[in-house]
Amino acid sequence: MSDRRLKQSLRTAFGVRRSPLRHGAGWLDENLGGGSGLLRQELRHIFPDSWAFFLGEIALYCFILLVVTGVYLALFFHASQAMVVYHGSYQPLAGVPMSDAYSSVLDLSLDVRAGLLVRQVHHWAALVFVGALMIHLLRMFLTGAYRRPRRINWVIGLSLLLLAGFNGLMGYSLPDDLLSGTGLRIAYSITESIPFLGPTMASLMFGGQFPTSGLIARIYPVHIFLLPAAIAGLLGLHLGMLWLQRHTEFPGPGRDDRTIVGTPMVPAYALRTTGYLLLVAGVLTAFGGLLQINPVWLYGPYNAWDASTSAQPDWYMGWLEGAVRMMPAWDIHIGGFLLPAVFWPAVVLPGLIFTPLFLWPWLDGMALRDGVFHNVLALPSERPGRTAIGAGFVTFLTVLLVAGGDDVFASAFGLSLPVLLRTLQVLFFVAPPMVALFTYLIFRRRARRWLTTGP
Amino acid sequence: MAPGREGPGGLRMNRSAARSGSRGVGSFSGDLGRRRLRLAALSCVILAILFAAATVAPAGASSSPSPSPSVQPSGGVSPAVEAGADPGAVVFAQNCSGCHGSRGEGGFGPPLAPAGFASLVIPMVEEGGIQMPSFSDQLSDAEIQAVAAYVAAHIADPASHEAVVSGGGETYRLYCAGCHSTTGRGGALTRGRNAPDISQYPAAEALAAMILGRGNMPAFAGNTLDVRQQTAVGLYVSVLVDPPSPGGRGLGYLGPVTEGAVSAIALLILIFLAVWLAWKSRTAAP
Amino acid sequence: MNDREIGAHGASLAPGGGSPPAPGGARPPGWPAAIGLVVTVAGAVGFVVAFVANASTGWLGGSLAAALLGLGVALAYWGRDLAGDEVISGAYPTPHDDVPGAAALGADLEQSAGVITRRRFLSRFLVVGVGVFALSQAVILGALGPWPGRSLFVTAWRPGRRLVTIDGVPLTRDVLAGGGILVAFPEGHTDAANSQIALFHFSGSEFKPQPGRETWSPEGFVAYSRICTHVGCAVAQYMDEAKVLACPCHQSTFDLLDGAKPVAGPAGRPLPQLPLAIDPQGYLVAQSDFTEPVGPGFWNAG
């Protein structure tokens, strides 16, 4: 007996008239009213196909995973720096006075079943979240996806990157361990270095002179509510605009700025993207279960008189750390006032990096005199100049990132740290233009070939 | 860390003593020469006997696969020792006192006052350290246990027994982590130097370096750290040698640098899965 | 917005459900999805068993990951291979570079909002009023924390206050007889983070007091603030042969024999020195607080 006959006879046997899907859809229509036409249309919403379009989904699904695991963590974390004496199962810290926050993280990690798994999945997901955002941004940049009418969405996306990075910094600082506490001290000092307003801003933001007893309690609502809400809101706008404007597509047969070609939402795309959500969750769960990350019990509780070598922030802040390490001790004394050297790499440089990034769609449009609507992407080889700038920028960030871990690289590879630092300081200026030039020459040749003979 | 071949009490043949006769300072010709020759021969024989005694005695104490039933159960101890003596004391006297002093007060080697736990002594004796040979070839496991117990009970300062691992951790993070990192993996210092990865050495090596200092590492003795604190740091370093990693593989314990690199692998895996997913179905018409 | 089916890449889904027959070939097999689902069930069961048995993180994570990956592979494979290779085309939303369209919107808006925009003075006053109100709320931020005042210039050191270890043991003139380093705090304030110092004992010949500070180092005892003047980490690396104190964060290096002046790394200011004295009972005491702010530099540190 075929499927259909079996189903029909079962339905007759149980008195079911319609399939569950039809039944459910009908119920929705009757109770919502008026929306069924729109929904019916959107069932066939078209998604262009490319592996490169999954990069944003990696970020989206990491965010979902972060929220789910984060809610679980929030049920155990004590956002308080009240001093307690540890009496959990980890003997090398038995009897050690520590903050309630640190103690609660130890308890969750070492004395709650699956607690460490959830915590590690949360941390791995955070690292991959920001990485996926950066790669996604790079793809946008190289294919010109930020052009009209998606300029605002570019700004929203860049804001999401900043919020995600900042939220990650807040998140890994919550356990109040020696590694992250040192990072908070550095953040405080960087804020202090701002001319005129610095010490006041630092004292207001942190709640007093570092170390304050209310810092973790202040970071907590920012990390679990304020920034995730901002991210969720901007994400809603981001996806909403994507939905309304439709996703861009790579050039190909039947595709142009007025015609979108791709896979319908139901059934294929929905299945694929749901499958991908589970694959992202699965890979991150595997990492969270098998690879240890951020073992705070080894770092010890934060005390301002403790310090450790090989101290870095999480990787996505590594570029800032590298800039701070590479900046020479060029303090400026103006009259009776001091402008500390760290102001330039830690405050000015991020502004210099992100301002052109935010303005890029307009800068690019002005430079290329291109203000028309684009729905078809440009291949990197079509715009060798843009690709070269992107390559140079990535090189620039890579040099900073390596500088951020310079002491670890030096001791791991047996290099002399001063020599490595000097080399990186030279590469800071030399490498990005060289890579950009090299990329330009390669892609210009490709572009010529592409334009004459076709893709 | 190559195992030393001569025992600490070993004597070396003085070659110039045997050669001076042929140098012409005193020849062996004539009556005076014959007396010199007799004297030289006699001293050679005496030296040979002493040398043999020195090399044979430790060899007698080294482990043999099947000790003869006439010697004590701890294995091959020199029959010159009276029956009933603490075997650990005997091993100590014969192997350790040369460098560490007869009462463990130190000498060439550091004082053993903080060696209050067998867990600190045993790995050091078995593996050796930078300036200490390994004794795993010369001493049986039972002998090593015995000397460790003897050191902990009789040689070490009683205050060392009050040491607590967690107290050692607090001291470690205050004085040691700045150079050796919280996980003990060492790190780059200024001026092209490196603080070593202390997990590569037995914990007692850290104790020795702490008490005596080593190169640019200051001594943490006297008033900086007392015996109890030194022992505690040694116990904590033992933990760091193979730290507990309940979360899975430790990834080298170097912190966020390696974690960031590994997260890039996760991202690459996910991109690979995306490539697979977006691949056009092979059954579709091109 | 009408959707059109191209038809070049296979037909749409058959009305009765099931995967469409691919042109010229057999249907894609369903077993990979089935295997994925089997793995999902096995993983889920495994997770429950591992949880109940209090298994290690590896087993918990591995089983849960298997469950998620199995389901993910099943759905992804279903969407990729079993749901047909349907490709459809449609129209992008009409681009609005036509000026009349944008202008019409502007005109409509102006007409409906004319009640406000026609009264020029009043509408400007509205803007100013709302702006002033909004900006005024920023003053609330001023109570987020204490204003620094002189707090950055003051630590817990006072004239005559004894130096103690972190455990509160007072230090006498016979400490550090063999060299080395001690971390010390003011007596009664061993939790004062900004008051931590590093104490050394140098012989008279090697240590050169800074001009005006000849009385600050009795019997060769020298104390410097232990907070790095770069970005505030504890300066925890003491190199005994080189007689330098270096910071583990960014490798700022301070020459202890020459007033802790920075000789390498990104720090720009020397470590402040604490003036020491030895009281009649032989204890090390401070003569006074530091004479400059400790820690990283800031605008009015001067």
# chains A, B, ... in the order shown; residues from 1 in each chain; ligands from 1
$ interface_residues --of "chain C" --to "chain A" --cutoff "6 Å" --atoms "only C-alpha atoms" --output "ChimeraX atom specification"
/C:57-58,61-62,65,68-69,72,75-76,79,83,87-92,144-148,193,231,234,248,250,266-268,297-300,302
$ residues_around --residues "Ala195 in chain B" --least-positions-apart "2" --cutoff "6 Å" --atoms "only C-alpha atoms" --output "PDB file with N, CA and C atoms, in the first residue's frame"
ATOM      1  N   CYS B 179      55.992  36.216  36.445  1.00  0.00           N
ATOM      2  CA  CYS B 179      56.981  35.734  35.480  1.00  0.00           C
ATOM      3  C   CYS B 179      56.578  34.401  34.863  1.00  0.00           C
ATOM      4  N   HIS B 180      56.032  33.507  35.697  1.00  0.00           N
ATOM      5  CA  HIS B 180      55.794  32.148  35.228  1.00  0.00           C
ATOM      6  C   HIS B 180      54.359  31.911  34.788  1.00  0.00           C
ATOM      7  N   GLY B 186      55.216  29.696  32.081  1.00  0.00           N
ATOM      8  CA  GLY B 186      56.298  30.626  31.781  1.00  0.00           C
ATOM      9  C   GLY B 186      55.841  31.686  30.809  1.00  0.00           C
ATOM     10  N   GLY B 187      56.764  32.526  30.409  1.00  0.00           N
ATOM     11  CA  GLY B 187      56.391  33.569  29.469  1.00  0.00           C
ATOM     12  C   GLY B 187      57.578  34.449  29.161  1.00  0.00           C
TER      13      GLY B 187
END
$ closest_residue --among "C:Val139, C:Val175, C:Cys249, C:Val130" --to "Val408 in chain A" --atoms "only C-alpha atoms"
C:Cys249
$ select_by_dssp --residues "range 28-140 of chain A" --states "helix (DSSP H, G or I)" --output "PyMOL selection string"
chain A and resi 28-32+36-42+51-74+91-93+100-111+115-140
$ interface_residues --of "chain B" --to "chain A" --cutoff "6 Å" --atoms "only C-alpha atoms" --output "ChimeraX atom specification"
/B:165-166,173-174,177-179,181-182,187-188,192,247-250,256,260,263,274-275,278
$ write_last_selection --atoms "N, CA and C atoms" --output "PDB file, in the first residue's frame"
ATOM      1  N   VAL B 165      47.933  23.657  50.188  1.00  0.00           N
ATOM      2  CA  VAL B 165      48.026  23.920  48.755  1.00  0.00           C
ATOM      3  C   VAL B 165      47.406  25.258  48.377  1.00  0.00           C
ATOM      4  N   SER B 166      46.262  25.563  48.940  1.00  0.00           N
ATOM      5  CA  SER B 166      45.582  26.783  48.516  1.00  0.00           C
ATOM      6  C   SER B 166      46.350  28.020  48.981  1.00  0.00           C
ATOM      7  N   ARG B 173      50.444  33.287  43.169  1.00  0.00           N
ATOM      8  CA  ARG B 173      49.894  34.335  42.310  1.00  0.00           C
ATOM      9  C   ARG B 173      50.472  35.699  42.661  1.00  0.00           C
ATOM     10  N   LEU B 174      50.895  35.888  43.917  1.00  0.00           N
ATOM     11  CA  LEU B 174      51.474  37.179  44.301  1.00  0.00           C
ATOM     12  C   LEU B 174      52.912  37.326  43.826  1.00  0.00           C
ATOM     13  N   ALA B 177      53.475  34.262  39.606  1.00  0.00           N
ATOM     14  CA  ALA B 177      52.708  34.258  38.362  1.00  0.00           C
ATOM     15  C   ALA B 177      53.138  35.383  37.439  1.00  0.00           C
ATOM     16  N   GLY B 178      53.688  36.452  38.000  1.00  0.00           N
ATOM     17  CA  GLY B 178      54.109  37.570  37.158  1.00  0.00           C
ATOM     18  C   GLY B 178      55.135  37.166  36.118  1.00  0.00           C
ATOM     19  N   CYS B 179      55.992  36.216  36.445  1.00  0.00           N
ATOM     20  CA  CYS B 179      56.981  35.734  35.480  1.00  0.00           C
ATOM     21  C   CYS B 179      56.578  34.401  34.863  1.00  0.00           C
ATOM     22  N   SER B 181      53.521  32.885  34.858  1.00  0.00           N
ATOM     23  CA  SER B 181      52.093  32.859  34.509  1.00  0.00           C
ATOM     24  C   SER B 181      51.291  32.025  35.496  1.00  0.00           C
ATOM     25  N   THR B 182      50.013  32.311  35.592  1.00  0.00           N
ATOM     26  CA  THR B 182      49.168  31.616  36.571  1.00  0.00           C
ATOM     27  C   THR B 182      49.135  30.123  36.316  1.00  0.00           C
ATOM     28  N   GLY B 187      56.764  32.526  30.409  1.00  0.00           N
ATOM     29  CA  GLY B 187      56.391  33.569  29.469  1.00  0.00           C
ATOM     30  C   GLY B 187      57.578  34.449  29.161  1.00  0.00           C
ATOM     31  N   ALA B 188      57.376  35.339  28.207  1.00  0.00           N
ATOM     32  CA  ALA B 188      58.443  36.244  27.799  1.00  0.00           C
ATOM     33  C   ALA B 188      58.605  37.340  28.839  1.00  0.00           C
ATOM     34  N   GLY B 192      64.429  40.344  26.140  1.00  0.00           N
ATOM     35  CA  GLY B 192      64.719  39.115  25.421  1.00  0.00           C
ATOM     36  C   GLY B 192      64.830  37.879  26.289  1.00  0.00           C
ATOM     37  N   GLY B 247      37.317  20.529  31.721  1.00  0.00           N
ATOM     38  CA  GLY B 247      36.606  20.995  30.546  1.00  0.00           C
ATOM     39  C   GLY B 247      37.056  20.353  29.257  1.00  0.00           C
ATOM     40  N   GLY B 248      38.000  19.419  29.332  1.00  0.00           N
ATOM     41  CA  GLY B 248      38.459  18.784  28.105  1.00  0.00           C
ATOM     42  C   GLY B 248      39.953  18.999  27.924  1.00  0.00           C
ATOM     43  N   ARG B 249      40.387  19.029  26.680  1.00  0.00           N
ATOM     44  CA  ARG B 249      41.818  19.216  26.420  1.00  0.00           C
ATOM     45  C   ARG B 249      42.237  20.624  26.819  1.00  0.00           C
ATOM     46  N   GLY B 250      43.442  20.698  27.434  1.00  0.00           N
ATOM     47  CA  GLY B 250      43.879  21.960  28.021  1.00  0.00           C
ATOM     48  C   GLY B 250      44.367  23.002  27.041  1.00  0.00           C
ATOM     49  N   PRO B 256      44.016  33.107  26.175  1.00  0.00           N
ATOM     50  CA  PRO B 256      43.145  33.474  25.054  1.00  0.00           C
ATOM     51  C   PRO B 256      43.802  33.436  23.683  1.00  0.00           C
ATOM     52  N   GLY B 260      41.679  31.746  20.869  1.00  0.00           N
ATOM     53  CA  GLY B 260      41.254  32.466  19.672  1.00  0.00           C
ATOM     54  C   GLY B 260      41.624  31.718  18.404  1.00  0.00           C
ATOM     55  N   SER B 263      39.254  28.909  17.955  1.00  0.00           N
ATOM     56  CA  SER B 263      37.921  29.339  17.531  1.00  0.00           C
ATOM     57  C   SER B 263      37.899  29.597  16.031  1.00  0.00           C
ATOM     58  N   ALA B 274      28.882  25.243   5.365  1.00  0.00           N
ATOM     59  CA  ALA B 274      28.073  26.108   4.509  1.00  0.00           C
ATOM     60  C   ALA B 274      28.344  25.817   3.033  1.00  0.00           C
ATOM     61  N   VAL B 275      29.600  25.598   2.713  1.00  0.00           N
ATOM     62  CA  VAL B 275      29.936  25.270   1.324  1.00  0.00           C
ATOM     63  C   VAL B 275      29.232  23.983   0.908  1.00  0.00           C
ATOM     64  N   ALA B 278      25.447  24.620   0.419  1.00  0.00           N
ATOM     65  CA  ALA B 278      25.037  25.427  -0.724  1.00  0.00           C
ATOM     66  C   ALA B 278      25.405  24.778  -2.050  1.00  0.00           C
TER      67      ALA B 278
END
$ interface_residues --of "chain B" --to "chain C" --cutoff "9 Å" --atoms "only C-alpha atoms" --output "PyMOL selection string"
chain B and resi 174-179+181+187-191+213-225+246-248+277-286
$ atom_distance --atom1 "CA of Met134 in chain A" --atom2 "CA of Gly365 in chain A"
21.9 Å
$ select_by_dssp --residues "range 132-233 of chain B" --states "strand (DSSP E)" --output "VMD selection string"
chain B and resid 187 to 188 194 to 195
$ residues_around --residues "Phe354 in chain A" --least-positions-apart "3" --cutoff "12 Å" --atoms "only C-alpha atoms" --output "list in words"
Val155, Leu158, Ser159, Leu161, Leu162, Val347, Val348, Leu349, Pro350, Gly351, Leu357, Phe358, Leu359, Trp360 and Phe393 of chain A
$ write_last_selection --atoms "N, CA and C atoms" --output "PDB file, in the first residue's frame"
ATOM      1  N   VAL A 155      25.433  50.190   8.261  1.00  0.00           N
ATOM      2  CA  VAL A 155      25.686  50.893   9.523  1.00  0.00           C
ATOM      3  C   VAL A 155      25.147  50.081  10.694  1.00  0.00           C
ATOM      4  N   LEU A 158      27.492  47.112  11.290  1.00  0.00           N
ATOM      5  CA  LEU A 158      28.741  47.512  11.946  1.00  0.00           C
ATOM      6  C   LEU A 158      28.489  47.795  13.426  1.00  0.00           C
ATOM      7  N   SER A 159      27.340  48.412  13.715  1.00  0.00           N
ATOM      8  CA  SER A 159      26.984  48.646  15.120  1.00  0.00           C
ATOM      9  C   SER A 159      26.833  47.324  15.856  1.00  0.00           C
ATOM     10  N   LEU A 161      28.442  44.621  15.253  1.00  0.00           N
ATOM     11  CA  LEU A 161      29.792  44.121  15.524  1.00  0.00           C
ATOM     12  C   LEU A 161      30.364  44.774  16.770  1.00  0.00           C
ATOM     13  N   LEU A 162      30.224  46.097  16.865  1.00  0.00           N
ATOM     14  CA  LEU A 162      30.755  46.805  18.031  1.00  0.00           C
ATOM     15  C   LEU A 162      30.066  46.346  19.309  1.00  0.00           C
ATOM     16  N   VAL A 347      42.256  55.020  22.258  1.00  0.00           N
ATOM     17  CA  VAL A 347      41.054  55.842  22.083  1.00  0.00           C
ATOM     18  C   VAL A 347      40.995  56.415  20.673  1.00  0.00           C
ATOM     19  N   VAL A 348      42.108  56.991  20.223  1.00  0.00           N
ATOM     20  CA  VAL A 348      42.097  57.654  18.923  1.00  0.00           C
ATOM     21  C   VAL A 348      42.082  56.641  17.781  1.00  0.00           C
ATOM     22  N   LEU A 349      42.930  55.619  17.903  1.00  0.00           N
ATOM     23  CA  LEU A 349      43.031  54.654  16.803  1.00  0.00           C
ATOM     24  C   LEU A 349      41.707  53.953  16.498  1.00  0.00           C
ATOM     25  N   PRO A 350      40.964  53.447  17.513  1.00  0.00           N
ATOM     26  CA  PRO A 350      39.665  52.847  17.186  1.00  0.00           C
ATOM     27  C   PRO A 350      38.744  53.827  16.469  1.00  0.00           C
ATOM     28  N   GLY A 351      38.793  55.103  16.870  1.00  0.00           N
ATOM     29  CA  GLY A 351      37.989  56.096  16.162  1.00  0.00           C
ATOM     30  C   GLY A 351      38.418  56.224  14.715  1.00  0.00           C
ATOM     31  N   LEU A 357      34.994  53.201   8.417  1.00  0.00           N
ATOM     32  CA  LEU A 357      34.201  52.004   8.188  1.00  0.00           C
ATOM     33  C   LEU A 357      32.713  52.333   8.166  1.00  0.00           C
ATOM     34  N   PHE A 358      32.291  53.166   9.131  1.00  0.00           N
ATOM     35  CA  PHE A 358      30.880  53.538   9.166  1.00  0.00           C
ATOM     36  C   PHE A 358      30.482  54.329   7.924  1.00  0.00           C
ATOM     37  N   LEU A 359      31.407  55.196   7.484  1.00  0.00           N
ATOM     38  CA  LEU A 359      31.095  56.074   6.353  1.00  0.00           C
ATOM     39  C   LEU A 359      31.362  55.417   5.017  1.00  0.00           C
ATOM     40  N   TRP A 360      31.857  54.190   5.048  1.00  0.00           N
ATOM     41  CA  TRP A 360      32.350  53.575   3.815  1.00  0.00           C
ATOM     42  C   TRP A 360      31.345  53.594   2.659  1.00  0.00           C
ATOM     43  N   PHE A 393      43.551  46.408   4.788  1.00  0.00           N
ATOM     44  CA  PHE A 393      42.941  46.595   6.098  1.00  0.00           C
ATOM     45  C   PHE A 393      43.025  45.321   6.922  1.00  0.00           C
TER      46      PHE A 393
END
$ residues_around --residues "Asp289 in chain C" --least-positions-apart "3" --cutoff "7 Å" --atoms "only C-alpha atoms" --output "PyMOL selection string"
chain C and resi 155+157-159+274
$ write_last_selection --atoms "N, CA and C atoms" --output "mmCIF file, in the first residue's frame"
data_model
loop_
_atom_site.group_PDB
_atom_site.id
_atom_site.type_symbol
_atom_site.label_atom_id
_atom_site.label_comp_id
_atom_site.auth_asym_id
_atom_site.auth_seq_id
_atom_site.Cartn_x
_atom_site.Cartn_y
_atom_site.Cartn_z
ATOM 1 N N THR C 155 46.961 57.940 48.778
ATOM 2 C CA THR C 155 46.876 56.507 49.060
ATOM 3 C C THR C 155 46.708 56.341 50.566
ATOM 4 N N TRP C 157 49.057 55.519 52.690
ATOM 5 C CA TRP C 157 50.304 55.772 53.428
ATOM 6 C C TRP C 157 50.221 57.088 54.180
ATOM 7 N N ARG C 158 50.714 57.043 55.409
ATOM 8 C CA ARG C 158 50.746 58.214 56.255
ATOM 9 C C ARG C 158 52.095 58.286 56.934
ATOM 10 N N PRO C 159 52.477 59.473 57.430
ATOM 11 C CA PRO C 159 53.772 59.557 58.124
ATOM 12 C C PRO C 159 53.814 58.593 59.308
ATOM 13 N N LEU C 274 58.304 55.595 47.508
ATOM 14 C CA LEU C 274 57.768 55.892 48.830
ATOM 15 C C LEU C 274 58.922 56.267 49.754
#
$ residues_around --residues "Ala118 in chain B" --least-positions-apart "2" --cutoff "8 Å" --atoms "only C-alpha atoms" --output "short mmCIF file (atom, residue, chain, number, x, y, z; two decimals) with N, CA and C atoms, in the first residue's frame"
data_model
loop_
_atom_site.label_atom_id
_atom_site.label_comp_id
_atom_site.auth_asym_id
_atom_site.auth_seq_id
_atom_site.Cartn_x
_atom_site.Cartn_y
_atom_site.Cartn_z
N ALA B 115 61.06 20.67 52.39
CA ALA B 115 60.69 19.44 51.68
C ALA B 115 59.85 18.55 52.58
N GLY B 116 58.78 19.11 53.10
CA GLY B 116 58.04 18.41 54.15
C GLY B 116 57.08 17.35 53.64
N LEU B 120 56.74 15.97 47.27
CA LEU B 120 57.69 16.91 46.70
C LEU B 120 59.05 16.25 46.47
N VAL B 121 59.42 15.32 47.34
CA VAL B 121 60.75 14.72 47.26
C VAL B 121 60.83 13.67 46.16
N ILE B 122 59.82 12.82 46.09
CA ILE B 122 59.89 11.66 45.19
C ILE B 122 60.12 12.05 43.73
N GLN B 145 60.99 5.83 48.20
CA GLN B 145 59.91 6.09 49.16
C GLN B 145 60.48 6.28 50.57
N ALA B 148 62.23 9.59 50.94
CA ALA B 148 61.25 10.67 50.94
C ALA B 148 60.57 10.76 52.30
N ALA B 149 60.20 9.63 52.85
CA ALA B 149 59.56 9.64 54.17
C ALA B 149 60.52 10.15 55.22
N VAL B 151 63.06 12.25 54.80
CA VAL B 151 63.23 13.69 54.66
C VAL B 151 62.02 14.42 55.24
N ALA B 152 60.83 13.94 54.90
CA ALA B 152 59.62 14.61 55.36
C ALA B 152 59.52 14.56 56.89
#
$ closest_residue --among "A:Leu235, A:Ala59, A:Ala145, A:Met83" --to "Leu133 in chain A" --atoms "only C-alpha atoms"
A:Ala59
